[in-house]
file my_file_3.cif (mmCIF, C-alpha atoms and all ligand atoms)
data_my_file
#
loop_
_atom_site.label_atom_id
_atom_site.label_comp_id
_atom_site.auth_asym_id
_atom_site.auth_seq_id
_atom_site.Cartn_x
_atom_site.Cartn_y
_atom_site.Cartn_z
CA MET A 114 72.17 109.52 107.42
CA LYS A 115 73.00 112.31 105.02
CA LYS A 116 71.42 112.04 101.59
CA GLY A 117 73.55 110.64 98.79
CA LEU A 118 75.67 108.37 100.98
CA GLU A 119 73.50 105.25 100.52
CA LYS A 120 75.23 104.44 97.26
CA TYR A 121 78.57 104.06 99.05
CA MET A 122 77.00 101.78 101.66
CA ASP A 123 75.57 99.58 98.93
CA THR A 124 78.66 99.38 96.73
CA ILE A 125 81.55 99.34 99.23
CA PRO A 126 81.09 96.51 101.76
CA ALA A 127 83.41 98.09 104.35
CA VAL A 128 81.44 101.35 104.24
CA GLY A 129 78.23 99.36 104.67
CA ASP A 130 79.64 97.55 107.71
CA ALA A 131 81.12 100.71 109.19
CA SER A 132 77.91 102.68 108.82
CA ARG A 133 76.06 99.86 110.64
CA GLN A 134 78.65 100.27 113.41
CA ARG A 135 80.15 96.85 112.82
CA GLU A 136 83.85 96.13 112.89
CA THR A 137 85.30 95.93 109.43
CA PHE A 138 88.48 95.85 107.38
CA TRP A 139 88.80 97.96 104.25
CA LEU A 140 91.51 97.13 101.73
CA ASN A 141 92.68 100.06 99.66
CA ASP A 142 92.34 99.17 95.99
CA LYS A 143 93.94 102.47 94.96
CA LYS A 144 97.30 101.40 96.38
CA VAL A 145 99.88 101.04 93.60
CA PRO A 146 103.46 99.74 93.38
CA GLU A 147 105.97 102.45 94.28
CA GLY A 148 103.04 104.59 95.35
CA GLU A 149 105.30 106.93 97.30
CA LYS A 150 106.54 108.31 93.98
CA LYS A 151 103.01 109.51 93.28
CA ILE A 152 102.94 111.76 96.34
CA HIS A 153 103.63 115.30 95.16
CA LEU A 154 102.18 117.32 98.00
CA LEU A 155 105.38 116.92 99.98
CA GLN A 156 108.99 116.39 98.96
CA PRO A 157 111.18 113.69 100.54
CA ASP A 158 113.88 116.29 101.39
CA GLN A 159 111.37 117.95 103.72
CA ILE A 160 111.76 114.96 106.04
CA ASP A 161 115.52 115.62 106.13
CA ASP A 162 114.86 119.25 106.90
CA ALA A 163 112.64 118.20 109.82
CA ARG A 164 115.23 115.73 111.09
CA ARG A 165 117.96 118.37 110.99
CA ARG A 166 115.76 120.85 112.84
CA LEU A 167 115.19 118.31 115.62
CA GLU A 168 118.96 117.77 115.79
CA ARG A 169 119.55 121.51 116.12
CA PHE A 170 117.16 121.63 119.05
CA ALA A 171 118.60 118.53 120.75
CA PRO A 172 121.11 120.42 122.97
CA TYR A 173 118.29 122.67 124.19
CA LEU A 174 115.92 119.78 124.84
CA GLN A 175 118.64 117.90 126.67
CA GLU A 176 119.21 120.95 128.84
CA VAL A 177 115.58 121.50 129.85
CA PHE A 178 114.17 117.95 130.04
CA ARG A 179 116.16 115.72 132.37
CA GLU A 180 114.56 112.63 130.80
CA LEU A 181 116.36 113.43 127.52
CA GLU A 182 119.82 113.43 129.07
CA GLU A 183 120.63 109.88 127.99
CA THR A 184 119.57 110.32 124.38
CA GLY A 185 121.33 113.64 123.92
CA GLY A 186 118.06 115.49 123.46
CA ILE A 187 116.59 113.13 120.86
CA ILE A 188 112.96 112.17 121.54
CA GLU A 189 112.70 108.50 120.62
CA SER A 190 111.03 105.32 121.86
CA GLU A 191 112.02 101.70 122.10
CA LEU A 192 111.21 99.02 119.52
CA ARG A 193 110.61 95.82 121.47
CA GLU A 194 109.77 92.27 120.42
CA ILE A 195 106.63 91.00 122.21
CA PRO A 196 106.57 87.20 121.68
CA GLU A 197 104.21 86.50 124.60
CA MET A 198 101.69 88.96 123.19
CA LYS A 199 101.96 87.11 119.88
CA ASP A 200 101.09 83.87 121.68
CA PHE A 201 98.20 85.61 123.43
CA LEU A 202 96.78 86.97 120.15
CA ASN A 203 97.18 83.60 118.46
CA LYS A 204 95.45 81.76 121.31
CA ALA A 205 92.73 84.25 122.28
CA TYR A 206 91.87 85.55 118.79
CA GLY A 207 93.12 82.82 116.44
CA ALA A 208 95.31 85.51 114.89
CA GLY A 209 97.69 82.98 113.36
CA ILE A 210 100.55 85.48 113.41
CA GLU A 211 103.68 84.10 111.79
CA GLY A 212 107.04 85.79 112.02
CA ARG A 213 107.96 88.37 114.60
CA LEU A 214 105.61 90.68 116.52
CA MET A 215 107.04 93.94 117.86
CA LEU A 216 105.77 96.97 119.71
CA LYS A 217 106.90 100.48 118.78
CA MET A 218 106.62 102.11 122.17
CA ASP A 219 105.64 105.69 121.43
CA SER A 220 103.41 105.07 124.42
CA HIS A 221 106.60 105.72 126.38
CA LEU A 222 108.02 108.65 124.42
CA PRO A 223 109.66 111.19 126.71
CA ILE A 224 108.03 114.53 127.59
CA SER A 225 104.40 113.74 126.78
CA GLY A 226 104.01 109.94 126.62
CA SER A 227 102.37 109.70 123.21
CA VAL A 228 103.04 109.77 119.49
CA LYS A 229 102.18 113.49 119.66
CA ALA A 230 105.63 114.06 121.16
CA ARG A 231 106.81 113.67 117.56
CA GLY A 232 104.62 116.00 115.52
CA GLY A 233 103.35 118.32 118.23
CA ILE A 234 106.72 119.14 119.73
CA TYR A 235 108.27 119.46 116.28
CA GLU A 236 105.74 122.09 115.21
CA VAL A 237 106.24 124.17 118.37
CA LEU A 238 110.02 124.06 117.90
CA LYS A 239 109.73 125.09 114.26
CA HIS A 240 107.53 128.03 115.19
CA ALA A 241 109.88 129.10 117.99
CA GLU A 242 112.85 128.89 115.62
CA GLU A 243 111.12 131.08 113.04
CA LEU A 244 110.26 133.73 115.62
CA ALA A 245 113.79 133.75 117.01
CA PHE A 246 115.32 133.90 113.50
CA ASP A 247 113.05 136.77 112.47
CA ALA A 248 113.92 138.72 115.61
CA GLY A 249 117.62 138.21 114.92
CA LEU A 250 118.08 136.36 118.21
CA LEU A 251 119.22 133.03 116.78
CA THR A 252 120.94 131.58 113.71
CA GLU A 253 121.13 127.99 112.50
CA SER A 254 124.78 127.68 113.49
CA ASP A 255 124.19 128.69 117.13
CA ASN A 256 124.14 126.14 119.88
CA TYR A 257 120.41 126.09 120.65
CA ARG A 258 121.17 125.54 124.33
CA VAL A 259 120.98 129.35 124.57
CA LEU A 260 117.21 129.02 124.27
CA ALA A 261 117.18 127.86 127.88
CA GLU A 262 118.28 131.33 129.00
CA PRO A 263 115.65 133.57 130.66
CA CYS A 264 115.72 136.25 127.96
CA PHE A 265 114.22 133.74 125.50
CA CYS A 266 111.42 132.89 127.92
CA GLU A 267 110.68 136.58 128.08
CA PHE A 268 110.73 136.85 124.27
CA PHE A 269 108.45 133.86 123.67
CA GLY A 270 106.20 135.09 126.49
CA LYS A 271 105.03 137.87 124.19
CA HIS A 272 103.62 135.23 121.86
CA THR A 273 100.73 132.82 122.16
CA VAL A 274 100.34 129.27 120.86
CA GLN A 275 96.87 127.73 120.59
CA VAL A 276 95.61 124.28 119.69
CA GLY A 277 92.39 122.25 119.70
CA SER A 278 92.80 118.75 121.10
CA THR A 279 91.16 115.60 122.39
CA GLY A 280 94.01 115.46 124.90
CA ASN A 281 97.37 114.17 123.75
CA LEU A 282 98.11 116.85 121.16
CA GLY A 283 97.30 119.47 123.79
CA MET A 284 99.72 117.74 126.16
CA SER A 285 102.60 117.88 123.68
CA ILE A 286 101.94 121.40 122.44
CA GLY A 287 101.14 122.62 125.95
CA ILE A 288 104.16 121.16 127.74
CA MET A 289 106.63 122.18 125.03
CA SER A 290 105.23 125.69 124.50
CA ALA A 291 105.08 126.39 128.24
CA LYS A 292 108.67 125.21 128.64
CA LEU A 293 109.85 127.67 125.98
CA GLY A 294 107.92 130.44 127.73
CA PHE A 295 104.97 130.87 125.35
CA HIS A 296 101.53 131.80 126.57
CA VAL A 297 99.66 128.66 125.56
CA ILE A 298 95.94 127.97 125.28
CA VAL A 299 94.64 124.44 124.73
CA HIS A 300 91.04 124.06 123.58
CA MET A 301 89.88 120.68 124.88
CA SER A 302 86.97 118.70 123.46
CA ALA A 303 84.46 116.83 125.62
CA ASP A 304 86.39 113.56 125.14
CA ALA A 305 89.50 114.90 126.85
CA LYS A 306 90.33 113.23 130.16
CA GLN A 307 90.32 115.27 133.35
CA TRP A 308 93.85 114.26 134.36
CA LYS A 309 95.23 115.70 131.13
CA LYS A 310 93.57 119.04 131.82
CA ASP A 311 94.86 119.00 135.39
CA LEU A 312 98.40 118.19 134.33
CA LEU A 313 98.44 120.97 131.75
CA ARG A 314 97.11 123.55 134.20
CA SER A 315 99.83 122.54 136.65
CA ARG A 316 102.40 123.46 133.98
CA GLY A 317 100.93 126.92 133.48
CA VAL A 318 98.85 126.09 130.41
CA GLU A 319 95.47 127.79 129.92
CA VAL A 320 92.89 125.07 129.28
CA ILE A 321 89.49 125.95 127.82
CA GLU A 322 86.91 123.16 127.95
CA TYR A 323 84.11 122.49 125.49
CA ALA A 324 81.02 120.35 125.86
CA ASP A 325 81.21 119.61 122.14
CA ASP A 326 83.40 117.37 120.00
CA TYR A 327 86.88 117.82 118.66
CA CYS A 328 85.94 119.73 115.51
CA ALA A 329 84.18 122.37 117.62
CA ALA A 330 87.23 122.79 119.88
CA VAL A 331 89.46 123.23 116.84
CA GLU A 332 87.06 125.72 115.28
CA GLN A 333 86.97 127.89 118.38
CA GLY A 334 90.74 127.69 118.81
CA ARG A 335 91.31 128.76 115.23
CA LYS A 336 88.91 131.68 115.61
CA ASN A 337 90.51 132.84 118.88
CA SER A 338 93.92 132.69 117.33
CA GLU A 339 92.93 134.65 114.24
CA GLU A 340 91.75 137.50 116.45
CA ASP A 341 95.19 137.83 118.06
CA GLU A 342 98.12 138.69 115.82
CA THR A 343 100.69 137.42 118.31
CA SER A 344 98.99 134.03 118.31
CA TYR A 345 99.97 130.94 116.34
CA PHE A 346 97.44 128.17 115.78
CA VAL A 347 98.57 124.56 115.49
CA ASP A 348 96.11 123.30 112.93
CA ASP A 349 95.72 119.54 113.30
CA GLU A 350 93.31 119.44 110.35
CA ASN A 351 95.77 120.92 107.86
CA SER A 352 99.26 121.05 109.30
CA ARG A 353 102.16 119.93 107.09
CA ASN A 354 104.55 120.61 109.98
CA LEU A 355 102.89 118.12 112.31
CA PHE A 356 102.94 115.59 109.49
CA LEU A 357 106.65 116.11 108.84
CA GLY A 358 107.45 115.84 112.54
CA TYR A 359 105.81 112.41 112.56
CA SER A 360 107.53 111.34 109.35
CA VAL A 361 111.00 111.52 110.94
CA ALA A 362 109.96 108.31 112.74
CA GLY A 363 110.67 106.42 109.50
CA GLU A 364 114.44 106.86 109.59
CA ARG A 365 114.58 106.42 113.33
CA LEU A 366 112.74 103.10 113.02
CA LYS A 367 115.05 101.96 110.23
CA ALA A 368 118.08 102.47 112.49
CA GLN A 369 116.41 100.45 115.25
CA ILE A 370 115.41 97.65 112.90
CA GLU A 371 118.95 97.39 111.57
CA ALA A 372 120.46 97.51 115.05
CA GLN A 373 118.34 94.46 115.92
CA GLY A 374 119.56 92.62 112.83
CA ILE A 375 116.12 92.44 111.23
CA ALA A 376 115.88 92.27 107.44
CA VAL A 377 113.23 94.13 105.46
CA ASP A 378 113.03 93.23 101.78
CA ARG A 379 110.88 91.24 99.35
CA GLU A 380 111.53 88.01 101.31
CA HIS A 381 111.07 89.73 104.68
CA PRO A 382 108.02 91.99 104.53
CA LEU A 383 107.35 94.59 107.20
CA PHE A 384 103.75 95.10 108.38
CA VAL A 385 102.98 98.20 110.44
CA TYR A 386 99.69 98.97 112.23
CA ILE A 387 99.02 102.50 113.48
CA PRO A 388 95.97 103.89 115.32
CA CYS A 389 94.36 106.78 113.45
CA GLY A 390 92.46 109.83 114.66
CA ILE A 391 92.57 112.73 112.24
CA GLY A 392 95.35 110.97 110.32
CA GLY A 393 98.39 113.18 110.87
CA ALA A 394 100.35 110.81 113.09
CA PRO A 395 99.74 107.55 111.22
CA GLY A 396 99.96 109.38 107.89
CA GLY A 397 103.26 111.01 108.72
CA VAL A 398 104.79 107.80 110.04
CA THR A 399 103.58 105.89 106.97
CA TYR A 400 104.96 108.55 104.65
CA GLY A 401 108.35 108.33 106.39
CA LEU A 402 108.40 104.52 106.22
CA LYS A 403 107.35 104.41 102.57
CA GLN A 404 110.23 106.71 101.60
CA ILE A 405 112.60 104.16 103.08
CA TYR A 406 111.10 100.74 102.48
CA GLY A 407 108.84 101.34 99.48
CA ASP A 408 106.82 98.25 98.57
CA HIS A 409 108.42 96.14 101.31
CA VAL A 410 106.48 97.93 104.04
CA HIS A 411 102.72 97.43 104.36
CA CYS A 412 101.00 100.08 106.45
CA PHE A 413 97.55 99.80 107.98
CA PHE A 414 95.56 102.33 109.98
CA THR A 415 93.22 101.26 112.75
CA GLU A 416 90.19 103.15 114.07
CA PRO A 417 87.41 102.74 116.65
CA VAL A 418 84.04 101.63 115.24
CA HIS A 419 82.51 104.89 116.50
CA ALA A 420 85.11 107.21 115.01
CA CYS A 421 86.22 105.59 111.75
CA CYS A 422 86.47 108.88 109.87
CA MET A 423 89.51 107.99 107.76
CA LEU A 424 87.83 104.81 106.54
CA PHE A 425 84.79 106.79 105.42
CA GLY A 426 86.92 109.53 103.85
CA MET A 427 89.27 107.26 101.94
CA ALA A 428 86.88 104.46 100.98
CA THR A 429 84.32 106.89 99.54
CA GLY A 430 86.99 109.23 98.15
CA LEU A 431 85.09 112.11 99.78
CA GLN A 432 88.00 112.67 102.22
CA ASP A 433 87.24 115.56 104.61
CA GLN A 434 83.92 116.28 102.88
CA VAL A 435 82.40 113.51 104.96
CA CYS A 436 82.24 112.92 108.72
CA VAL A 437 81.01 110.06 110.89
CA LYS A 438 77.85 111.98 111.84
CA ASP A 439 76.88 112.02 108.16
CA PHE A 440 76.59 108.24 108.53
CA GLY A 441 74.58 108.56 111.74
CA ILE A 442 77.49 107.66 114.02
CA ASP A 443 78.08 109.61 117.23
CA GLY A 444 81.88 109.73 117.26
CA ARG A 445 81.99 108.80 120.96
CA THR A 446 84.70 106.33 121.91
CA ASP A 447 86.77 105.44 124.97
CA ALA A 448 89.80 105.69 122.71
CA ASP A 449 90.04 109.43 123.36
CA GLY A 450 93.15 109.87 121.20
CA LEU A 451 91.16 108.62 118.21
CA ALA A 452 87.86 110.42 118.91
CA VAL A 453 87.83 112.38 115.68
CA GLY A 454 84.77 112.57 113.43
CA ARG A 455 86.24 114.14 110.31
CA PRO A 456 89.57 113.21 108.71
CA SER A 457 92.39 115.61 107.85
CA ALA A 458 91.94 117.69 104.71
CA PHE A 459 95.07 116.28 103.06
CA VAL A 460 96.24 113.06 104.72
CA GLY A 461 93.73 110.77 102.98
CA ARG A 462 94.75 112.06 99.57
CA VAL A 463 98.44 111.66 100.34
CA MET A 464 97.83 108.11 101.58
CA GLU A 465 95.75 107.01 98.59
CA PRO A 466 98.59 105.38 96.58
CA VAL A 467 100.44 103.89 99.59
CA LEU A 468 98.08 102.79 102.37
CA SER A 469 97.29 99.06 102.52
CA GLY A 470 94.02 99.28 104.43
CA ILE A 471 92.08 100.28 107.54
CA ALA A 472 90.70 97.99 110.25
CA THR A 473 88.16 99.07 112.86
CA ILE A 474 87.65 97.78 116.39
CA GLU A 475 85.01 97.93 119.12
CA ASP A 476 85.88 99.73 122.33
CA LYS A 477 85.32 96.73 124.58
CA LYS A 478 88.02 94.76 122.75
CA LEU A 479 90.53 97.54 123.44
CA TYR A 480 90.32 96.74 127.15
CA ASP A 481 90.81 93.01 126.57
CA LEU A 482 93.87 93.74 124.46
CA MET A 483 95.16 96.14 127.12
CA ARG A 484 94.93 93.43 129.76
CA GLY A 485 96.43 90.91 127.34
CA LEU A 486 99.49 93.07 126.77
CA LEU A 487 99.90 93.84 130.46
CA ASP A 488 99.55 90.18 131.50
CA SER A 489 101.76 88.80 128.74
CA GLN A 490 104.50 91.43 128.54
CA ASP A 491 104.04 93.66 131.59
CA ILE A 492 103.54 96.70 129.36
CA PHE A 493 100.71 99.18 129.95
CA ILE A 494 99.36 101.25 127.06
CA GLU A 495 96.19 103.37 126.85
CA PRO A 496 92.95 102.28 125.11
CA SER A 497 93.66 104.25 121.90
CA SER A 498 96.99 102.48 121.55
CA CYS A 499 95.42 99.05 121.81
CA ALA A 500 93.68 99.67 118.50
CA SER A 501 97.07 98.88 116.94
CA PHE A 502 96.14 95.18 117.23
CA ALA A 503 92.82 95.60 115.35
CA ALA A 504 94.07 94.30 112.00
CA LEU A 505 96.03 91.40 113.48
CA ILE A 506 92.91 89.97 115.11
CA ARG A 507 91.11 89.80 111.74
CA PRO A 508 93.27 87.07 110.17
CA ASP A 509 90.87 86.25 107.33
CA ASP A 510 90.90 89.81 106.02
CA LEU A 511 94.62 90.10 106.49
CA ARG A 512 95.06 86.85 104.57
CA ASP A 513 93.09 88.31 101.64
CA TYR A 514 95.55 91.16 101.54
CA ILE A 515 98.57 88.87 101.83
CA GLU A 516 97.32 86.72 98.95
CA ARG A 517 96.54 89.76 96.83
CA GLU A 518 100.13 90.94 97.37
CA GLY A 519 101.56 87.46 96.69
CA LEU A 520 103.22 87.29 100.09
CA SER A 521 101.85 84.01 101.52
CA ASP A 522 105.21 82.22 101.39
CA GLN A 523 107.06 85.16 102.92
CA MET A 524 104.90 85.65 106.00
CA LYS A 525 106.96 83.28 108.15
CA ASN A 526 109.81 85.81 107.69
CA ALA A 527 107.61 88.85 108.29
CA THR A 528 107.96 91.46 111.00
CA HIS A 529 104.76 92.96 112.38
CA ILE A 530 104.94 96.24 114.29
CA ALA A 531 102.00 97.38 116.39
CA TRP A 532 102.48 101.12 116.98
CA ALA A 533 101.63 101.86 120.60
CA THR A 534 100.71 105.53 120.45
CA GLY A 535 100.15 106.50 124.07
CA GLY A 536 100.08 105.38 127.67
CA ASN A 537 102.86 106.03 130.14
CA MET A 538 101.48 109.29 131.50
CA VAL A 539 98.13 107.76 132.45
CA PRO A 540 97.83 108.15 136.27
CA GLU A 541 97.67 105.04 138.45
CA GLU A 542 93.99 105.56 139.38
CA THR A 543 92.94 105.84 135.75
CA ARG A 544 94.99 102.76 134.86
CA LYS A 545 93.19 100.76 137.49
CA ALA A 546 89.82 101.92 136.20
CA TYR A 547 90.78 101.00 132.62
CA LEU A 548 92.01 97.59 133.66
CA ALA A 549 88.68 96.85 135.37
CA MET A 550 86.59 97.93 132.37
CA GLY A 551 84.15 95.37 131.02
CA LEU A 552 85.14 92.66 133.49
CA SER A 553 82.02 92.42 135.65
C1 LIG A 601 96.52 111.44 118.39
C2 LIG A 601 96.64 110.01 118.66
C3 LIG A 601 96.60 109.07 117.63
C4 LIG A 601 96.34 109.38 116.19
O1 LIG A 601 96.91 110.54 115.66
P1 LIG A 601 96.11 111.41 114.61
O2 LIG A 601 97.11 112.39 114.12
O3 LIG A 601 94.98 112.08 115.32
O4 LIG A 601 95.60 110.50 113.56
C5 LIG A 601 96.74 107.75 118.00
N1 LIG A 601 96.90 107.38 119.27
C6 LIG A 601 96.96 108.26 120.28
C7 LIG A 601 97.16 107.77 121.68
C8 LIG A 601 96.83 109.61 120.01
O5 LIG A 601 96.87 110.47 121.01
#

call {"tool": "encode", "arguments": {"input": "my_file_3.cif", "output": "structure tokens", "more": "lines below"}}
Ligand SMILES: *Cc1c(COP(=O)(O)O)cnc(C)c1O
result
Amino acid sequence: MKKGLEKYMDTIPAVGDASRQRETFWLNDKKVPEGEKKIHLLQPDQIDDARRRLERFAPYLQEVFRELEETGGIIESELREIPEMKDFLNKAYGAGIEGRLMLKMDSHLPISGSVKARGGIYEVLKHAEELAFDAGLLTESDNYRVLAEPCFCEFFGKHTVQVGSTGNLGMSIGIMSAKLGFHVIVHMSADAKQWKKDLLRSRGVEVIEYADDYCAAVEQGRKNSEEDETSYFVDDENSRNLFLGYSVAGERLKAQIEAQGIAVDREHPLFVYIPCGIGGAPGGVTYGLKQIYGDHVHCFFTEPVHACCMLFGMATGLQDQVCVKDFGIDGRTDADGLAVGRPSAFVGRVMEPVLSGIATIEDKKLYDLMRGLLDSQDIFIEPSSCASFAALIRPDDLRDYIEREGLSDQMKNATHIAWATGGNMVPEETRKAYLAMGLS
């Protein structure tokens, strides 16, 4: 335990629990009404800019990824009601969920099978666009399908993209960059799964492995990239572009909610639960949703007990000045997508006026929830994704929040969305091993 942190353990119960490696639920008392208006680091029109950029690239993406044919090159996932999972959570965990429970299936996003297909791919596309603009090879009014022509591969081949990753970000950046023709290097931390490294190598991606944690992989990647002037580093700790790529999910979700005839207003609150690693993905999605639904959407992050860096950062207000090791926690978790020890340098601050709270969960429960979802709904998602149910299985804490917000009478009309952040690329063998975890 680093000196000076004891006072937070003594005065903030959730920090005390978390530092003792117990599951906990922190409610954010800095959240304010219309909090999104207090966010000045980013402007709402930047989300529009990101959305338009993705639309410009859609004809290209449709051309090069067969799986995007049906959606016209738009990378989006299904929003599905999961009533049997609701029954399972109510029976097995006494969750007492009223209203509707839905799954946002980013676990099944095309191209890379995780939420990183939003931010990661967006950032690569933005970088490619800038290079092509600067070289006079492309203008905004062109049909971006031309990018599929060999001369562009040759052009991008003179440039390198690098990223540090626990796995899924590397998959998105790696697959997209390699497709465009970039030389791409992914720096993988010790938590990264072998099958992800194998898959990337099979697509022509250079994978460098580290025995150390995520921060070390990022550090080395950043250093490598700085030494090469043709190299671009995707900086998960600081990137506004990743964040904006994720935030486009807000509008996309709104369209899906409306198409299913679901109301979101004062009488029909929307509760959203998103697994958090460094914070970019859940932060970006939350930012996008808050711009649309304001006080009618209630967003929670969820983290593994062993890697609850955002809880420590936000609850203490120390943000990225604190990491889980400072509290004597090892940062090791089976939820590889969430195995991050230090939160983003800016996400916690941006979230301060809007985030409802953070729940943590033990690894072994992730496997029970995984089996629960598979048995009840026939949907497989990876361990990290299963953290999206962490808040729902702590009904007493959730009730405190609901009472504080004066929503008790509205909860029968509520919609809960668990954000499944990854899963459909997990190979069959690995799935089987996951599904057997903790059974004997
Ligand atoms: C990366 C990831 C997250 C969280 O995203 P961060 O930007 O690291 O907070 C959640 N789930 C999965 C499966 C991921 O790969």

call {"tool": "atom_distance", "arguments": {"input": "my_file_3.cif", "atom1": "atom CA of A:Ser254", "atom2": "atom CA of A:Lys292"}}
result
22.3 Å

call {"tool": "residues_around", "arguments": {"input": "my_file_3.cif", "residues": "stretch 520-537 of chain A", "least_positions_apart": "5", "cutoff": "7 Å", "atoms": "all atoms listed in the file", "output": "ChimeraX atom specification"}}
result
/A:211-221,226-228,380-387,493-495,498-499,501-502,515

call {"tool": "residues_near_ligand", "arguments": {"input": "my_file_3.cif", "ligand": "ligand LIG 601 (chain A)", "cutoff": "6 Å", "atoms": "all atoms listed in the file", "output": "JSON, numbers by chain"}}
result
{"A": [227, 281, 388, 389, 390, 391, 392, 393, 394, 395, 450, 451, 497, 498, 534, 535]}

call {"tool": "write_last_selection", "arguments": {"input": "my_file_3.cif", "atoms": "C-alpha atoms", "output": "compact mmCIF listing (two decimals), in the frame of the given file"}}
result
# COMPACT_ATOMS: atom_id res chain seq x y z
CA SER A 227 102.37 109.70 123.21
CA ASN A 281 97.37 114.17 123.75
CA PRO A 388 95.97 103.89 115.32
CA CYS A 389 94.36 106.78 113.45
CA GLY A 390 92.46 109.83 114.66
CA ILE A 391 92.57 112.73 112.24
CA GLY A 392 95.35 110.97 110.32
CA GLY A 393 98.39 113.18 110.87
CA ALA A 394 100.35 110.81 113.09
CA PRO A 395 99.74 107.55 111.22
CA GLY A 450 93.15 109.87 121.20
CA LEU A 451 91.16 108.62 118.21
CA SER A 497 93.66 104.25 121.90
CA SER A 498 96.99 102.48 121.55
CA THR A 534 100.71 105.53 120.45
CA GLY A 535 100.15 106.50 124.07

call {"tool": "atom_distance", "arguments": {"input": "my_file_3.cif", "atom1": "atom CA of A:Gly454", "atom2": "atom CA of A:Ser338"}}
result
22.4 Å

call {"tool": "atom_distance", "arguments": {"input": "my_file_3.cif", "atom1": "atom CA of A:Ile370", "atom2": "atom CA of A:Cys412"}}
result
16.0 Å

call {"tool": "residues_around", "arguments": {"input": "my_file_3.cif", "residues": "A:Leu552", "least_positions_apart": "3", "cutoff": "9 Å", "atoms": "only C-alpha atoms", "output": "list in words"}}
result
Asp481, Leu548 and Ala549 of chain A

call {"tool": "closest_residue", "arguments": {"input": "my_file_3.cif", "among": "A:Met284, A:Ile492, A:Val320, A:Val259", "to": "A:Ala230", "atoms": "all atoms listed in the file"}}
result
A:Met284

call {"tool": "residues_near_point", "arguments": {"input": "my_file_3.cif", "point": "(100.2, 131.9, 112.9)", "cutoff": "12 Å", "atoms": "all atoms listed in the file", "output": "list in words"}}
result
Glu236, Val237, Lys239, His240, Ala241, Glu243, Leu244, His272, Thr273, Val274, Gln275, Val276, Gly334, Arg335, Lys336, Asn337, Ser338, Glu339, Glu340, Asp341, Glu342, Thr343, Ser344, Tyr345, Phe346, Val347, Asp348 and Ser352 of chain A

call {"tool": "residues_near_point", "arguments": {"input": "my_file_3.cif", "point": "(116.2, 131.5, 128.2)", "cutoff": "12 Å", "atoms": "all atoms listed in the file", "output": "NGL selection string"}}
result
:A and (173 or 176-177 or 245 or 250-251 or 257-270 or 292-295)

call {"tool": "closest_residue", "arguments": {"input": "my_file_3.cif", "among": "A:Ile195, A:Ile506, A:Ala163, A:Ala452", "to": "A:Gly280", "atoms": "all atoms listed in the file"}}
result
A:Ala452

call {"tool": "closest_residue", "arguments": {"input": "my_file_3.cif", "among": "A:Ala448, A:Leu486, A:Val467, A:Cys436", "to": "A:Leu118", "atoms": "only C-alpha atoms"}}
result
A:Cys436

call {"tool": "closest_residue", "arguments": {"input": "my_file_3.cif", "among": "A:Asn203, A:Gly283, A:His296, A:Ser457", "to": "A:Asp311", "atoms": "all atoms listed in the file"}}
result
A:Gly283

call {"tool": "closest_residue", "arguments": {"input": "my_file_3.cif", "among": "A:Gly396, A:Pro496, A:Gly461, A:Gly441", "to": "A:Lys116", "atoms": "only C-alpha atoms"}}
result
A:Gly441

call {"tool": "closest_residue", "arguments": {"input": "my_file_3.cif", "among": "A:Ala368, A:Leu355, A:Met198, A:Met483", "to": "A:Lys545", "atoms": "all atoms listed in the file"}}
result
A:Met483
